[in-house]
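As provided, data-v1.cif (mmCIF, C-alpha atoms and all ligand atoms) reads as follows.
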data_input
#
loop_
_atom_site.group_PDB
_atom_site.id
_atom_site.type_symbol
_atom_site.label_atom_id
_atom_site.label_comp_id
_atom_site.auth_asym_id
_atom_site.auth_seq_id
_atom_site.Cartn_x
_atom_site.Cartn_y
_atom_site.Cartn_z
ATOM 1 C CA MET C 1 0.000 0.000 0.000
ATOM 2 C CA ILE C 2 1.572 3.246 -1.099
ATOM 3 C CA SER C 3 0.281 6.780 -1.397
ATOM 4 C CA CYS C 4 1.077 9.997 -3.154
ATOM 5 C CA LYS C 5 0.131 12.199 -0.236
ATOM 6 C CA GLY C 6 -0.076 12.010 3.549
ATOM 7 C CA GLY C 7 -3.530 11.890 5.118
ATOM 8 C CA VAL C 8 -5.351 10.012 2.353
ATOM 9 C CA GLY C 9 -5.916 6.995 4.635
ATOM 10 C CA THR C 10 -3.130 4.588 3.622
ATOM 11 C CA SER C 11 -2.445 3.479 7.192
ATOM 12 C CA PHE C 12 -6.132 3.226 8.083
ATOM 13 C CA VAL C 13 -6.867 1.145 4.969
ATOM 14 C CA THR C 14 -3.801 -1.119 5.360
ATOM 15 C CA ALA C 15 -4.518 -1.867 9.029
ATOM 16 C CA ASN C 16 -8.239 -2.445 8.549
ATOM 17 C CA LEU C 17 -7.861 -4.443 5.335
ATOM 18 C CA GLY C 18 -5.508 -6.721 7.291
ATOM 19 C CA ASP C 19 -8.134 -7.130 10.003
ATOM 20 C CA THR C 20 -10.892 -7.747 7.453
ATOM 21 C CA ILE C 21 -8.975 -10.499 5.626
ATOM 22 C CA ALA C 22 -8.254 -12.231 8.946
ATOM 23 C CA ARG C 23 -11.752 -11.716 10.357
ATOM 24 C CA GLN C 24 -13.720 -12.603 7.227
ATOM 25 C CA TYR C 25 -11.647 -15.407 5.768
ATOM 26 C CA GLY C 26 -9.825 -16.850 8.768
ATOM 27 C CA LYS C 27 -6.490 -16.051 7.134
ATOM 28 C CA ARG C 28 -3.221 -15.362 8.940
ATOM 29 C CA VAL C 29 -2.312 -11.756 8.168
ATOM 30 C CA LEU C 30 0.744 -9.696 9.061
ATOM 31 C CA VAL C 31 0.629 -5.925 8.605
ATOM 32 C CA VAL C 32 3.999 -4.140 8.551
ATOM 33 C CA ASP C 33 4.291 -0.397 9.140
ATOM 34 C CA LEU C 34 7.052 0.785 6.825
ATOM 35 C CA SER C 35 5.725 4.318 6.558
ATOM 36 C CA ARG C 36 8.684 5.720 8.526
ATOM 37 C CA HIS C 37 7.089 8.755 10.028
ATOM 38 C CA PHE C 38 5.578 8.342 13.464
ATOM 39 C CA GLY C 39 4.689 4.673 13.750
ATOM 40 C CA ASP C 40 0.989 5.457 14.027
ATOM 41 C CA LEU C 41 -0.434 2.433 12.219
ATOM 42 C CA ALA C 42 -0.483 0.123 15.259
ATOM 43 C CA HIS C 43 -2.589 2.592 17.249
ATOM 44 C CA ILE C 44 -5.283 2.701 14.570
ATOM 45 C CA VAL C 45 -6.396 -0.854 15.354
ATOM 46 C CA SER C 46 -4.902 -1.615 18.754
ATOM 47 C CA ASP C 47 -4.563 -0.012 22.172
ATOM 48 C CA LYS C 48 -1.651 -2.296 23.091
ATOM 49 C CA THR C 49 1.864 -0.925 23.348
ATOM 50 C CA PRO C 50 3.919 -2.625 20.622
ATOM 51 C CA PRO C 51 6.584 -4.828 22.254
ATOM 52 C CA SER C 52 9.028 -3.842 19.530
ATOM 53 C CA THR C 53 9.299 -1.766 16.382
ATOM 54 C CA LEU C 54 10.723 -2.470 12.949
ATOM 55 C CA PRO C 55 13.988 -0.553 13.582
ATOM 56 C CA ASP C 56 14.350 -2.348 16.964
ATOM 57 C CA ILE C 57 14.109 -5.773 15.370
ATOM 58 C CA CYS C 58 16.467 -4.836 12.543
ATOM 59 C CA GLY C 59 19.027 -4.594 15.350
ATOM 60 C CA GLN C 60 18.270 -8.241 16.258
ATOM 61 C CA ALA C 61 17.923 -9.555 12.696
ATOM 62 C CA ASP C 62 20.989 -11.793 13.032
ATOM 63 C CA ARG C 63 19.287 -13.934 15.671
ATOM 64 C CA MET C 64 15.772 -13.576 14.262
ATOM 65 C CA ASP C 65 13.615 -16.670 13.980
ATOM 66 C CA ALA C 66 9.857 -17.236 13.922
ATOM 67 C CA ALA C 67 9.579 -17.394 17.736
ATOM 68 C CA LEU C 68 11.533 -14.172 18.327
ATOM 69 C CA LEU C 69 9.599 -12.399 15.573
ATOM 70 C CA ASP C 70 6.324 -13.522 17.130
ATOM 71 C CA ALA C 71 7.379 -12.003 20.456
ATOM 72 C CA CYS C 72 8.005 -8.666 18.704
ATOM 73 C CA LEU C 73 4.527 -8.384 17.147
ATOM 74 C CA VAL C 74 1.270 -6.865 18.307
ATOM 75 C CA HIS C 75 -1.292 -9.702 18.241
ATOM 76 C CA VAL C 76 -4.350 -7.634 17.414
ATOM 77 C CA ASP C 77 -6.917 -10.366 17.059
ATOM 78 C CA ASN C 78 -7.228 -13.959 15.921
ATOM 79 C CA GLY C 79 -4.887 -14.367 12.964
ATOM 80 C CA PHE C 80 -4.070 -10.667 12.641
ATOM 81 C CA ASP C 81 -0.586 -9.571 13.727
ATOM 82 C CA LEU C 82 1.147 -6.285 13.312
ATOM 83 C CA LEU C 83 4.767 -5.163 13.175
ATOM 84 C CA ALA C 84 4.921 -1.583 14.459
ATOM 85 C CA GLY C 85 6.801 1.090 12.565
ATOM 86 C CA ALA C 86 9.569 3.478 13.552
ATOM 87 C CA ALA C 87 8.521 5.961 16.226
ATOM 88 C CA ASP C 88 10.086 8.803 14.245
ATOM 89 C CA PRO C 89 12.036 9.428 11.026
ATOM 90 C CA VAL C 90 15.390 9.268 12.851
ATOM 91 C CA GLN C 91 14.635 5.781 14.215
ATOM 92 C CA ALA C 92 13.495 4.842 10.707
ATOM 93 C CA THR C 93 17.038 5.331 9.397
ATOM 94 C CA HIS C 94 17.983 2.156 11.346
ATOM 95 C CA ILE C 95 15.845 0.003 9.037
ATOM 96 C CA GLN C 96 18.220 -1.662 6.592
ATOM 97 C CA LYS C 97 17.161 -3.251 3.332
ATOM 98 C CA GLU C 98 18.912 -6.617 3.842
ATOM 99 C CA LYS C 99 17.605 -6.906 7.400
ATOM 100 C CA LEU C 100 14.065 -6.039 6.343
ATOM 101 C CA GLU C 101 14.264 -8.666 3.575
ATOM 102 C CA TRP C 102 15.459 -11.231 6.093
ATOM 103 C CA ILE C 103 12.698 -10.385 8.595
ATOM 104 C CA LEU C 104 10.036 -10.664 5.864
ATOM 105 C CA SER C 105 11.476 -14.020 4.758
ATOM 106 C CA VAL C 106 11.211 -15.287 8.361
ATOM 107 C CA ALA C 107 7.596 -14.080 8.553
ATOM 108 C CA GLN C 108 6.434 -15.308 5.146
ATOM 109 C CA PRO C 109 5.902 -19.034 5.861
ATOM 110 C CA ASN C 110 3.664 -18.191 8.814
ATOM 111 C CA TYR C 111 1.234 -15.902 7.006
ATOM 112 C CA ASP C 112 -1.215 -16.122 4.131
ATOM 113 C CA PHE C 113 -0.965 -12.379 3.541
ATOM 114 C CA ILE C 114 1.635 -9.753 4.371
ATOM 115 C CA LEU C 115 0.438 -6.173 3.867
ATOM 116 C CA VAL C 116 2.997 -3.367 4.001
ATOM 117 C CA ASP C 117 2.178 0.306 4.548
ATOM 118 C CA MET C 118 4.891 2.160 2.591
ATOM 119 C CA GLY C 119 3.557 5.639 3.281
ATOM 120 C CA GLN C 120 4.851 7.889 0.503
ATOM 121 C CA ASN C 121 8.328 6.447 0.270
ATOM 122 C CA ILE C 122 9.951 5.475 -3.004
ATOM 123 C CA ASP C 123 13.508 4.506 -2.123
ATOM 124 C CA PRO C 124 15.669 1.348 -2.072
ATOM 125 C CA LEU C 125 13.868 0.067 1.040
ATOM 126 C CA SER C 126 10.365 0.367 -0.359
ATOM 127 C CA ILE C 127 11.465 -0.723 -3.853
ATOM 128 C CA SER C 128 12.794 -3.986 -2.427
ATOM 129 C CA VAL C 129 9.344 -4.622 -0.910
ATOM 130 C CA LEU C 130 7.520 -3.511 -4.070
ATOM 131 C CA ASP C 131 9.682 -5.950 -6.063
ATOM 132 C CA GLN C 132 8.504 -8.837 -3.889
ATOM 133 C CA SER C 133 4.855 -7.752 -3.788
ATOM 134 C CA GLU C 134 2.201 -9.539 -5.748
ATOM 135 C CA ARG C 135 0.072 -6.402 -5.794
ATOM 136 C CA ILE C 136 0.683 -2.674 -5.352
ATOM 137 C CA TYR C 137 -2.267 -0.617 -4.122
ATOM 138 C CA VAL C 138 -1.923 3.118 -4.715
ATOM 139 C CA VAL C 139 -4.182 4.924 -2.246
ATOM 140 C CA THR C 140 -5.583 8.313 -3.141
ATOM 141 C CA GLU C 141 -8.568 10.580 -2.555
ATOM 142 C CA PRO C 142 -10.882 12.192 -5.110
ATOM 143 C CA ALA C 143 -9.254 15.567 -4.555
ATOM 144 C CA VAL C 144 -7.474 18.091 -6.770
ATOM 145 C CA ALA C 145 -4.433 17.991 -4.464
ATOM 146 C CA CYS C 146 -3.957 14.266 -5.212
ATOM 147 C CA GLY C 147 -4.029 14.641 -8.996
ATOM 148 C CA ARG C 148 -0.508 15.734 -9.809
ATOM 149 C CA PRO C 149 1.393 13.742 -7.133
ATOM 150 C CA GLY C 150 -0.747 10.653 -7.818
ATOM 151 C CA ARG C 151 0.017 10.781 -11.518
ATOM 152 C CA ARG C 152 3.699 11.309 -10.741
ATOM 153 C CA LEU C 153 3.744 8.294 -8.413
ATOM 154 C CA LEU C 154 2.103 6.102 -11.057
ATOM 155 C CA ASP C 155 4.601 7.323 -13.686
ATOM 156 C CA ILE C 156 7.450 6.352 -11.352
ATOM 157 C CA LEU C 157 5.967 2.891 -10.720
ATOM 158 C CA HIS C 158 5.644 2.372 -14.491
ATOM 159 C CA ALA C 159 9.221 3.617 -15.017
ATOM 160 C CA LEU C 160 10.335 1.025 -12.447
ATOM 161 C CA HIS C 161 8.761 -1.569 -14.774
ATOM 162 C CA TYR C 162 6.065 -2.836 -12.458
ATOM 163 C CA PRO C 163 3.450 -4.339 -14.754
ATOM 164 C CA ALA C 164 0.152 -2.452 -14.992
ATOM 165 C CA SER C 165 -1.672 -5.611 -13.839
ATOM 166 C CA LYS C 166 0.195 -5.440 -10.514
ATOM 167 C CA ILE C 167 -0.903 -1.860 -9.760
ATOM 168 C CA GLN C 168 -4.395 -1.057 -8.453
ATOM 169 C CA LEU C 169 -5.867 2.304 -7.616
ATOM 170 C CA VAL C 170 -7.809 2.740 -4.369
ATOM 171 C CA LEU C 171 -10.046 5.812 -4.149
ATOM 172 C CA ASN C 172 -10.639 6.471 -0.451
ATOM 173 C CA ARG C 173 -13.110 8.826 1.242
ATOM 174 C CA THR C 174 -15.510 9.121 -1.672
ATOM 175 C CA GLY C 175 -18.909 10.785 -1.308
ATOM 176 C CA ARG C 176 -17.826 14.052 0.267
ATOM 177 C CA LYS C 177 -19.116 17.388 -1.016
ATOM 178 C CA SER C 178 -17.019 19.004 -3.747
ATOM 179 C CA GLU C 179 -15.079 15.828 -4.528
ATOM 180 C CA VAL C 180 -13.500 15.418 -7.957
ATOM 181 C CA PRO C 181 -15.586 12.936 -10.023
ATOM 182 C CA ARG C 182 -14.121 9.461 -10.281
ATOM 183 C CA ALA C 183 -13.961 9.689 -14.098
ATOM 184 C CA THR C 184 -11.834 12.845 -13.839
ATOM 185 C CA MET C 185 -9.431 11.152 -11.406
ATOM 186 C CA GLU C 186 -9.203 8.183 -13.801
ATOM 187 C CA ASP C 187 -8.401 10.569 -16.687
ATOM 188 C CA ILE C 188 -5.661 12.224 -14.632
ATOM 189 C CA PHE C 189 -4.189 8.887 -13.524
ATOM 190 C CA GLY C 190 -4.591 7.195 -16.898
ATOM 191 C CA MET C 191 -6.108 4.116 -15.265
ATOM 192 C CA LYS C 192 -9.356 2.823 -13.806
ATOM 193 C CA VAL C 193 -10.097 2.879 -10.093
ATOM 194 C CA ALA C 194 -10.121 -0.714 -8.773
ATOM 195 C CA VAL C 195 -11.435 -0.098 -5.254
ATOM 196 C CA VAL C 196 -13.789 2.616 -3.995
ATOM 197 C CA LEU C 197 -13.958 3.219 -0.243
ATOM 198 C CA PRO C 198 -16.535 5.664 1.139
ATOM 199 C CA ASP C 199 -15.950 8.521 3.511
ATOM 200 C CA ASP C 200 -17.400 7.249 6.780
ATOM 201 C CA PRO C 201 -16.212 9.619 9.502
ATOM 202 C CA SER C 202 -18.483 8.365 12.288
ATOM 203 C CA ALA C 203 -17.490 4.677 12.008
ATOM 204 C CA VAL C 204 -13.815 5.484 11.333
ATOM 205 C CA GLU C 205 -13.445 7.998 14.150
ATOM 206 C CA GLU C 206 -15.185 5.736 16.668
ATOM 207 C CA ALA C 207 -12.924 2.790 15.747
ATOM 208 C CA VAL C 208 -9.682 4.800 15.659
ATOM 209 C CA SER C 209 -10.428 6.558 18.941
ATOM 210 C CA HIS C 210 -11.007 3.175 20.636
ATOM 211 C CA GLY C 211 -7.950 1.615 18.957
ATOM 212 C CA GLU C 212 -10.163 -1.117 17.505
ATOM 213 C CA PRO C 213 -10.593 -2.436 13.950
ATOM 214 C CA VAL C 214 -13.629 -0.842 12.290
ATOM 215 C CA GLY C 215 -14.874 -4.295 11.227
ATOM 216 C CA LYS C 216 -15.052 -5.300 14.890
ATOM 217 C CA LEU C 217 -16.845 -2.194 16.194
ATOM 218 C CA SER C 218 -19.129 -1.432 13.224
ATOM 219 C CA ARG C 219 -19.314 -4.484 11.017
ATOM 220 C CA ARG C 220 -22.223 -3.159 8.981
ATOM 221 C CA SER C 221 -20.897 0.367 8.419
ATOM 222 C CA ALA C 222 -20.337 1.568 4.868
ATOM 223 C CA ILE C 223 -16.546 1.516 5.270
ATOM 224 C CA SER C 224 -16.541 -2.018 6.752
ATOM 225 C CA ARG C 225 -18.656 -3.351 3.893
ATOM 226 C CA ALA C 226 -16.378 -1.702 1.330
ATOM 227 C CA LEU C 227 -13.313 -3.205 3.035
ATOM 228 C CA GLN C 228 -15.032 -6.603 2.934
ATOM 229 C CA GLY C 229 -15.406 -6.141 -0.830
ATOM 230 C CA MET C 230 -11.717 -5.248 -1.129
ATOM 231 C CA ALA C 231 -10.751 -8.298 0.946
ATOM 232 C CA ALA C 232 -12.888 -10.491 -1.295
ATOM 233 C CA GLN C 233 -10.721 -9.461 -4.252
ATOM 234 C CA LEU C 234 -7.670 -10.813 -2.447
ATOM 235 C CA ALA C 235 -8.899 -13.821 -0.514
ATOM 236 C CA PRO C 236 -10.927 -16.801 -1.722
ATOM 237 C CA PRO C 237 -14.644 -17.086 -0.829
ATOM 238 C CA PRO C 238 -15.389 -17.982 2.818
ATOM 239 C CA GLU C 239 -16.481 -21.536 1.955
ATOM 240 C CA SER C 240 -12.956 -22.502 0.933
ATOM 241 C CA GLY C 241 -11.034 -20.001 3.051
ATOM 242 C CA ARG C 242 -12.593 -19.973 6.518
ATOM 243 C CA HIS C 243 -10.811 -23.004 7.894
ATOM 244 C CA SER C 244 -7.476 -22.533 6.204
ATOM 245 C CA LYS C 245 -4.397 -22.562 8.427
ATOM 246 C CA ALA C 246 -1.153 -20.648 8.162
ATOM 247 C CA GLY C 247 0.847 -21.841 5.207
ATOM 248 C CA ALA C 248 -2.120 -23.828 3.907
ATOM 249 C CA ILE C 249 -2.345 -21.746 0.719
ATOM 250 C CA SER C 250 -1.928 -24.294 -2.026
ATOM 251 C CA PRO C 251 1.077 -24.276 -4.349
ATOM 252 C CA LEU C 252 -1.368 -23.985 -7.272
ATOM 253 C CA ARG C 253 -2.977 -20.847 -5.830
ATOM 254 C CA ARG C 254 0.458 -19.320 -5.142
ATOM 255 C CA LEU C 255 1.376 -20.013 -8.736
ATOM 256 C CA MET C 256 -1.881 -18.454 -9.955
ATOM 257 C CA LEU C 257 -1.304 -15.338 -7.840
ATOM 258 C CA ARG C 258 2.231 -15.001 -9.190
ATOM 259 C CA THR C 259 1.120 -15.544 -12.769
ATOM 260 C CA LYS C 260 -1.650 -12.956 -12.393
ATOM 261 C CA SER C 261 0.805 -10.348 -11.206
ATOM 262 C CA THR C 262 3.384 -10.763 -13.960
HETATM 263 N N1 LIG R 1 -12.740 6.144 4.578
HETATM 264 C C1 LIG R 1 -12.511 7.036 5.557
HETATM 265 N N2 LIG R 1 -13.545 7.750 6.090
HETATM 266 C C2 LIG R 1 -13.334 8.654 7.062
HETATM 267 N N3 LIG R 1 -12.124 8.939 7.579
HETATM 268 C C3 LIG R 1 -11.050 8.282 7.088
HETATM 269 C C4 LIG R 1 -11.181 7.290 6.061
HETATM 270 N N4 LIG R 1 -9.949 6.800 5.774
HETATM 271 C C5 LIG R 1 -9.083 7.438 6.589
HETATM 272 N N5 LIG R 1 -9.730 8.327 7.380
HETATM 273 C C6 LIG R 1 -9.106 9.237 8.370
HETATM 274 O O1 LIG R 1 -8.182 10.070 7.683
HETATM 275 C C7 LIG R 1 -7.082 10.401 8.522
HETATM 276 C C8 LIG R 1 -5.772 10.059 7.823
HETATM 277 O O2 LIG R 1 -5.673 8.640 7.710
HETATM 278 P P1 LIG R 1 -4.263 7.888 7.727
HETATM 279 O O3 LIG R 1 -4.548 6.458 7.526
HETATM 280 O O4 LIG R 1 -3.462 8.259 8.922
HETATM 281 O O5 LIG R 1 -3.604 8.526 6.413
HETATM 282 P P2 LIG R 1 -2.137 8.285 5.802
HETATM 283 O O6 LIG R 1 -1.578 7.042 6.406
HETATM 284 O O7 LIG R 1 -2.352 8.192 4.328
HETATM 285 O O8 LIG R 1 -1.348 9.524 6.180
HETATM 286 C C9 LIG R 1 -7.282 9.629 9.816
HETATM 287 O O9 LIG R 1 -7.859 10.489 10.771
HETATM 288 C C10 LIG R 1 -8.259 8.530 9.416
HETATM 289 O O10 LIG R 1 -9.007 8.089 10.507
HETATM 290 MG MG MG R 2 0.170 6.727 7.503
#

Would you put the structure from the file into structure tokens?
Ligand SMILES: Nc1ncnc2c1ncn2[C@@H]1O[C@H](COP(=O)(O)OP(=O)(O)O)[C@@H](O)[C@H]1O
Ligand SMILES: [Mg+2]
Amino acid sequence: MISCKGGVGTSFVTANLGDTIARQYGKRVLVVDLSRHFGDLAHIVSDKTPPSTLPDICGQADRMDAALLDACLVHVDNGFDLLAGAADPVQATHIQKEKLEWILSVAQPNYDFILVDMGQNIDPLSISVLDQSERIYVVTEPAVACGRPGRRLLDILHALHYPASKIQLVLNRTGRKSEVPRATMEDIFGMKVAVVLPDDPSAVEEAVSHGEPVGKLSRRSAISRALQGMAAQLAPPPESGRHSKAGAISPLRRLMLRTKST
């Protein structure tokens, strides 16, 4: 998950999409806060103090294994874990590319989905994660201020040779007065919007202020239902997915996901 502009909801969407995939489909989900500003993602869905942050565990990467990693995570809810981000941009400089790659490789066998909040960063650290990602969601709002930077971000992703099929546009906070029409945003971005998420201040503010996932507090709210739709694009239908265990994703499905993204 990457954005062109702060405040468009990238952290909120990443954290709550993670919760929705775990809650709705019984999948094991890890959300990683790589946004490198103020480590706020964990507090959107949890009131627990993170035992560790990404820069902290980079310092222990040499002795990292699944058990140590597990002790460093916030266990938000059944199947939904979270790796907290750097508390500030100075701490964030301690995140090293090789260490991050190693930590993700330790985590990967234990999760069906790993979602990473990149914030607005395009640099060697985020590019190494983008390279490994099966899908890149670009989060934006239907606002004039997002037009130019959003287009620029998409141009950069294309210049980095990520295939168009790997990139999906998420239009968050739709339905507010004086928003730019979706068709205009699509013209500016030169691509269709894949996911539309409504502005839902009452449900979002209630959930964020309690440090709870919105799908737990207001399951039937407009934003929760839209997130369920987004999760359905990523996870298989509940009939086949509900009872799946960590690592139970079949080799065939992995292959299909990879093929789809290339
Ligand atoms: N769909 C939405 N409806 C209402 N408020 C939202 C929605 N998405 C995000 N927000 C709010 O917008 C603000 C910025 O969200 P945040 O996730 O921190 O943005 P970013 O990570 O892109 O900087 C937060 O107060 C968040 O609760
Ligand atoms: Mg953020």

(Q) Would you pick out the contacts of range 94-109 of chain C at 7 Å or less, using all atoms listed in the file, so that residues sharing its chain but fewer than 2 positions from it are not included, and give the list as JSON, numbers by chain? (A) {"C": [54, 55, 58, 61, 65, 66, 91, 92, 111, 125, 247]}

Can you pull out every residue within 8 Å of Met230 in chain C, counting all atoms listed in the file, but drop anything in the same chain fewer than 4 positions away, and send it as a PDB file with C-alpha atoms, in the frame of the given file?
ATOM      1  CA  LEU C  17      -7.861  -4.443   5.335  1.00  0.00           C
ATOM      2  CA  VAL C 195     -11.435  -0.098  -5.254  1.00  0.00           C
ATOM      3  CA  ALA C 226     -16.378  -1.702   1.330  1.00  0.00           C
ATOM      4  CA  LEU C 234      -7.670 -10.813  -2.447  1.00  0.00           C
TER       5      LEU C 234
END

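Closest approach to Val193 in chain C from the set C:Pro51, C:Gly39, C:Pro142, C:Gly6 is made by C:Pro142, with distances taken over only C-alpha atoms.
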
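With only C-alpha atoms and all ligand atoms as the basis for measurement, C:Ser202 is the residue among C:Ser202, C:Thr93, C:Ser128, C:Thr53 that approaches ligand LIG 1 (chain R) most closely.
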
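Pocket residues of ligand MG 2 (chain R), taken as those with any atom at most 10 Å away using only C-alpha atoms and all ligand atoms, are Ile2, Ser3, Lys5, Gly6, Gly7, Val8, Gly9, Thr10, Ser11, Phe12, Val13, Thr14, Ala15, Asp33, Leu34, Ser35, Arg36, His37, Phe38, Gly39, Asp40, Leu41, Ile44, Asp117, Met118, Gly119 and Gln120 of chain C.
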
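Picture a line from atom O4 of ligand LIG 1 (chain R) to CA of Asp77 in chain C; it runs 20.6 Å.
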
Q.
Residues near Ser218 in chain C, anyone? I mean within 12 Å using all atoms listed in the file, not counting same-chain ones fewer than 2 positions away, as a ChimeraX atom specification.
A. /C:16,20,200,202-208,210,212-216,220-225,227

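In this comparison, which uses only C-alpha atoms and all ligand atoms, the residue of C:Met64, C:Val116, C:Val139, C:Ala145 approaching ligand LIG 1 (chain R) most closely is C:Val139.
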
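Rounded to one decimal, CA of Asp131 in chain C and CA of Arg182 in chain C lie 28.7 Å from each other.
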
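As for CA of Ala231 in chain C and atom O9 of ligand LIG 1 (chain R), they are spaced 21.4 Å apart.
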
Q: Considering only C-alpha atoms and all ligand atoms, state which residue in the set C:Gly229, C:Gly211, C:Gly26, C:Pro198 is at the smallest distance from ligand LIG 1 (chain R).
A: C:Pro198

Q. Could you spell out the hits of the PyMOL selection byres (((chain C and resi 133) around 10) and not hetatm) on the shown file, as JSON, numbers by chain?
A. {"C": [1, 114, 115, 116, 127, 128, 129, 130, 131, 132, 134, 135, 136, 166, 258, 261]}

Using all atoms of ligand LIG 1 (chain R) listed in the file and a margin of 6 Å per side, can you give the axis-aligned box centre and edge lengths in Å to one decimal, as JSON?
{"center_x": -7.4, "center_y": 8.3, "center_z": 7.5, "size_x": 24.2, "size_y": 16.3, "size_z": 18.4}
